[in-house]
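Have a look at work23.txt below; it lists compact mmCIF, C-alpha atoms.
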# COMPACT_ATOMS: atom_id res chain seq x y z
CA MET U 1 0.00 0.00 0.00
CA LYS U 2 1.37 3.41 -0.99
CA PRO U 3 0.47 6.64 0.79
CA ILE U 4 -1.78 9.10 -1.01
CA VAL U 5 -1.73 11.78 1.71
CA SER U 6 1.42 13.17 3.23
CA ILE U 7 1.37 14.76 6.67
CA ILE U 8 4.35 17.06 7.18
CA MET U 9 5.17 18.83 10.42
CA GLY U 10 7.85 21.43 11.05
CA SER U 11 8.77 19.70 14.31
CA THR U 12 7.71 16.59 16.18
CA SER U 13 6.38 18.92 18.88
CA ASP U 14 3.46 19.39 16.42
CA LEU U 15 2.57 15.69 16.61
CA PRO U 16 -0.32 16.08 19.10
CA ILE U 17 -2.12 18.30 16.56
CA LEU U 18 -1.28 16.06 13.62
CA LYS U 19 -2.31 12.93 15.49
CA LYS U 20 -5.90 14.12 15.02
CA ALA U 21 -5.34 14.24 11.26
CA ALA U 22 -3.70 10.81 11.27
CA ASP U 23 -6.49 9.32 13.37
CA PHE U 24 -9.14 10.60 10.96
CA LEU U 25 -7.30 9.44 7.84
CA ASN U 26 -6.81 6.05 9.47
CA ALA U 27 -10.52 5.82 10.33
CA MET U 28 -11.38 6.69 6.72
CA GLN U 29 -8.92 4.02 5.48
CA VAL U 30 -6.78 6.54 3.61
CA PRO U 31 -3.11 5.50 3.32
CA PHE U 32 -0.80 8.26 4.57
CA GLU U 33 2.75 9.00 5.59
CA MET U 34 4.14 11.32 8.26
CA ASN U 35 7.39 13.26 8.21
CA ALA U 36 9.05 16.06 10.16
CA LEU U 37 10.71 18.56 7.82
CA SER U 38 11.58 22.17 8.48
CA ALA U 39 11.47 24.86 5.82
CA HIS U 40 14.25 26.65 7.69
CA ARG U 41 16.39 23.84 9.13
CA THR U 42 16.08 21.21 6.35
CA PRO U 43 15.33 23.23 3.20
CA THR U 44 17.04 20.76 0.87
CA GLU U 45 14.95 17.87 2.20
CA VAL U 46 11.76 19.96 1.96
CA GLU U 47 12.50 20.75 -1.68
CA GLU U 48 13.24 17.10 -2.45
CA PHE U 49 10.02 16.04 -0.74
CA ALA U 50 7.84 18.67 -2.46
CA ARG U 51 9.23 18.16 -5.95
CA GLY U 52 8.95 14.36 -5.69
CA ALA U 53 5.60 13.99 -3.93
CA LYS U 54 3.43 13.76 -7.05
CA ASP U 55 5.71 11.16 -8.68
CA ARG U 56 5.50 9.08 -5.48
CA GLY U 57 1.69 8.96 -5.77
CA ILE U 58 0.84 11.58 -3.16
CA LYS U 59 -2.45 13.33 -3.97
CA VAL U 60 -2.79 15.80 -1.05
CA ILE U 61 -0.31 17.27 1.41
CA ILE U 62 -1.20 18.38 4.93
CA ALA U 63 1.52 20.68 6.28
CA ALA U 64 1.64 22.17 9.76
CA ALA U 65 3.95 24.76 11.22
CA GLY U 66 4.06 27.41 13.92
CA MET U 67 5.87 30.71 14.39
CA ALA U 68 7.12 31.80 10.92
CA ALA U 69 5.02 28.91 9.53
CA ALA U 70 6.75 28.87 6.16
CA LEU U 71 6.48 25.11 5.58
CA PRO U 72 3.04 24.91 3.88
CA GLY U 73 3.78 27.84 1.56
CA VAL U 74 7.26 26.63 0.65
CA ILE U 75 5.87 23.20 -0.21
CA ALA U 76 3.02 24.75 -2.23
CA ALA U 77 5.57 26.76 -4.22
CA MET U 78 7.30 23.55 -5.32
CA THR U 79 4.44 21.15 -6.09
CA PRO U 80 1.24 21.24 -8.15
CA LEU U 81 -0.51 19.15 -5.47
CA PRO U 82 -3.08 20.70 -3.12
CA VAL U 83 -1.53 21.72 0.19
CA ILE U 84 -3.65 22.10 3.31
CA GLY U 85 -1.97 24.26 5.94
CA ILE U 86 -2.47 23.95 9.68
CA PRO U 87 -1.27 26.95 11.70
CA ILE U 88 0.13 25.77 15.04
CA ASN U 89 -0.36 27.77 18.23
CA SER U 90 3.23 28.12 19.36
CA THR U 91 3.45 31.90 19.84
CA LEU U 92 1.03 34.84 19.64
CA SER U 93 -1.91 32.45 20.11
CA GLY U 94 -1.14 31.00 16.68
CA MET U 95 -2.15 34.19 14.86
CA ASP U 96 1.37 34.66 13.48
CA ALA U 97 1.24 31.17 11.95
CA LEU U 98 -2.30 31.71 10.66
CA TYR U 99 -1.37 34.93 8.86
CA SER U 100 1.80 33.39 7.47
CA ILE U 101 -0.05 30.43 5.97
CA VAL U 102 -3.23 32.12 4.79
CA GLN U 103 -1.59 35.17 3.16
CA MET U 104 -0.07 33.46 0.12
CA PRO U 105 0.72 35.39 -3.07
CA PRO U 106 -1.58 34.97 -6.09
CA GLY U 107 -1.00 31.68 -7.90
CA ILE U 108 0.50 29.82 -4.91
CA SER U 109 -2.44 28.64 -2.83
CA VAL U 110 -2.54 26.92 0.54
CA ALA U 111 -5.96 25.83 1.76
CA THR U 112 -5.79 26.87 5.40
CA VAL U 113 -7.78 25.46 8.32
CA GLY U 114 -8.10 26.94 11.79
CA ILE U 115 -5.34 27.12 14.38
CA ASN U 116 -4.48 23.61 15.62
CA ALA U 117 -7.29 22.16 13.46
CA GLY U 118 -5.55 18.92 12.51
CA MET U 119 -8.77 16.98 12.14
CA ASN U 120 -10.31 19.57 9.80
CA ALA U 121 -7.23 19.36 7.59
CA ALA U 122 -7.78 15.60 7.28
CA VAL U 123 -11.51 16.13 6.65
CA THR U 124 -10.64 18.54 3.81
CA ALA U 125 -8.17 16.04 2.36
CA VAL U 126 -10.78 13.28 2.47
CA GLN U 127 -13.34 15.53 0.78
CA MET U 128 -10.86 16.19 -2.04
CA LEU U 129 -10.00 12.53 -2.46
CA ALA U 130 -13.65 11.41 -2.26
CA LEU U 131 -14.40 13.32 -5.47
CA SER U 132 -12.74 10.51 -7.42
CA ASP U 133 -13.15 7.61 -4.96
CA PRO U 134 -16.77 6.42 -4.53
CA ALA U 135 -15.92 4.03 -1.67
CA LEU U 136 -14.20 6.81 0.27
CA ALA U 137 -17.14 9.13 -0.48
CA GLU U 138 -19.47 6.54 1.03
CA ARG U 139 -17.32 6.20 4.18
CA PHE U 140 -17.18 9.98 4.50
CA ASP U 141 -20.96 10.32 4.07
CA SER U 142 -21.44 7.72 6.78
CA TYR U 143 -19.11 9.68 9.10
CA ARG U 144 -20.98 12.92 8.36
CA SER U 145 -24.29 11.33 9.30
CA THR U 146 -22.90 10.55 12.77
CA LEU U 147 -22.26 14.25 13.40
CA SER U 148 -25.94 15.15 13.51
CA GLU U 149 -26.70 12.06 15.60
CA LYS U 150 -24.20 13.23 18.24
CA ILE U 151 -25.80 16.67 18.48
CA VAL U 152 -29.35 15.29 18.64
CA LYS U 153 -28.26 12.95 21.46
CA ALA U 154 -26.43 15.74 23.31
CA ASN U 155 -29.46 18.02 23.02
CA SER U 156 -31.69 15.29 24.41
CA GLU U 157 -29.32 14.75 27.35
CA LEU U 158 -29.53 18.45 28.24
CA LYS U 159 -33.09 17.82 29.39
CA ASP U 160 -31.61 15.89 32.34
CA VAL U 161 -29.43 18.81 33.43
CA LYS U 162 -31.20 20.48 36.33
CA TYR U 163 -30.92 24.02 37.64
CA GLU U 164 -33.19 25.80 40.04
CA TYR U 165 -34.25 28.37 37.44
CA LYS U 166 -33.96 26.25 34.29
CA VAL U 167 -37.30 25.95 32.54
CA ASP U 168 -37.88 22.74 30.57

Let me see the structure of the file written as structure tokens.
Amino acid sequence: MKPIVSIIMGSTSDLPILKKAADFLNAMQVPFEMNALSAHRTPTEVEEFARGAKDRGIKVIIAAAGMAAALPGVIAAMTPLPVIGIPINSTLSGMDALYSIVQMPPGISVATVGINAGMNAAVTAVQMLALSDPALAERFDSYRSTLSEKIVKANSELKDVKYEYKVD
């Protein structure tokens, strides 16, 4: 089995955020790989990765970084593949990373999810892949149906929460 999604983090300290992406891809049965590469500390390896990803069968790249957060944009500049950026909250509440990733120049796009939103990055990747994979689309539709079920159940359980002035 070859990976079709690549999860790239600027540092292994980002792993707790990217674990959410990996868990979702795994649940959706999407083969993926994980690597730690830094746009600033391993630029040669980042370039080699980005330029070779498509030839290796990768279809979508999820890239996370904090602080200067250059990794997603640098990768996007060197590959035609879609790149989904995850800003990591490492300084300035993650706003520095968010601005760095979302403010790409025209023609070099990075689809950007919320700060620390590893799972949403994986959801976006699955949505992209499901456009050409009917079995994955079916698994994703099944997952989506569970979201409303959770809220309906939670709303029902609120009826059991008692307060002196709560009116049911």

Next item on the list: Pick out the closest residue to Lys2 in chain U from this set: U:Leu147, U:Ala111, U:Ala22, U:Ala53. Count all atoms listed in the file.
Entry: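 Between U:Leu147, U:Ala111, U:Ala22, U:Ala53, the residue approaching Lys2 in chain U most closely is U:Ala53.
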
Item checked: Atom-to-atom span, CA of Ala122 in chain U and CA of Val5 in chain U, Å ->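 CA of Val5 in chain U lies at a distance of 9.1 Å from CA of Ala122 in chain U.
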
Extract, using only C-alpha atoms, all DNA, RNA and protein residues at most 12 Å from Leu37 in chain U, discarding same-chain residues fewer than 6 positions from it, and format them as a CSV table (one decimal) with C-alpha atoms, in the frame of the given file.
chain,number,residue,atom,x,y,z
U,6,SER,CA,1.4,13.2,3.2
U,7,ILE,CA,1.4,14.8,6.7
U,8,ILE,CA,4.4,17.1,7.2
U,9,MET,CA,5.2,18.8,10.4
U,10,GLY,CA,7.8,21.4,11.0
U,11,SER,CA,8.8,19.7,14.3
U,12,THR,CA,7.7,16.6,16.2
U,13,SER,CA,6.4,18.9,18.9
U,14,ASP,CA,3.5,19.4,16.4
U,43,PRO,CA,15.3,23.2,3.2
U,44,THR,CA,17.0,20.8,0.9
U,45,GLU,CA,15.0,17.9,2.2
U,46,VAL,CA,11.8,20.0,2.0
U,47,GLU,CA,12.5,20.8,-1.7
U,48,GLU,CA,13.2,17.1,-2.4
U,49,PHE,CA,10.0,16.0,-0.7
U,50,ALA,CA,7.8,18.7,-2.5
U,63,ALA,CA,1.5,20.7,6.3
U,64,ALA,CA,1.6,22.2,9.8
U,65,ALA,CA,4.0,24.8,11.2
U,69,ALA,CA,5.0,28.9,9.5
U,70,ALA,CA,6.8,28.9,6.2
U,71,LEU,CA,6.5,25.1,5.6
U,72,PRO,CA,3.0,24.9,3.9
U,74,VAL,CA,7.3,26.6,0.6
U,75,ILE,CA,5.9,23.2,-0.2

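Note that CA of Gln127 in chain U and CA of Ser109 in chain U are 17.4 Å apart.
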
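Pairwise distance (CA of Ile115 in chain U, CA of Ile88 in chain U) equals 5.7 Å.
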
Notebook entry, point to check: Which of these, U:Val123, U:Val30, U:Val110, U:Ile4, has the shortest distance to Ile84 in chain U once you count only C-alpha atoms?
Noted result: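 Of U:Val123, U:Val30, U:Val110, U:Ile4, the one nearest Ile84 in chain U, counting only C-alpha atoms, is U:Val110.
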
Margin query: Counting all atoms listed in the file, which residues sit no farther than 9 Å from the position (4.7, 31.9, 11.4) in the file's frame? I'd like them as a ChimeraX atom specification.
Written below: /U:65-70,87-88,90-91,94-101

Note to self: Here is a test: counting all atoms listed in the file, which residue of U:Met1, U:Ile151, U:Leu92, U:Leu136 is nearest to Arg56 in chain U?
What the structure shows: U:Met1

Next item on the list: Using only C-alpha atoms, pick whichever of U:Met28, U:Lys59, U:Pro106, U:Leu15 has the shortest atom-to-atom distance to Arg144 in chain U.
Entry: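 Ranking U:Met28, U:Lys59, U:Pro106, U:Leu15 by distance to Arg144 in chain U, first place goes to U:Met28.
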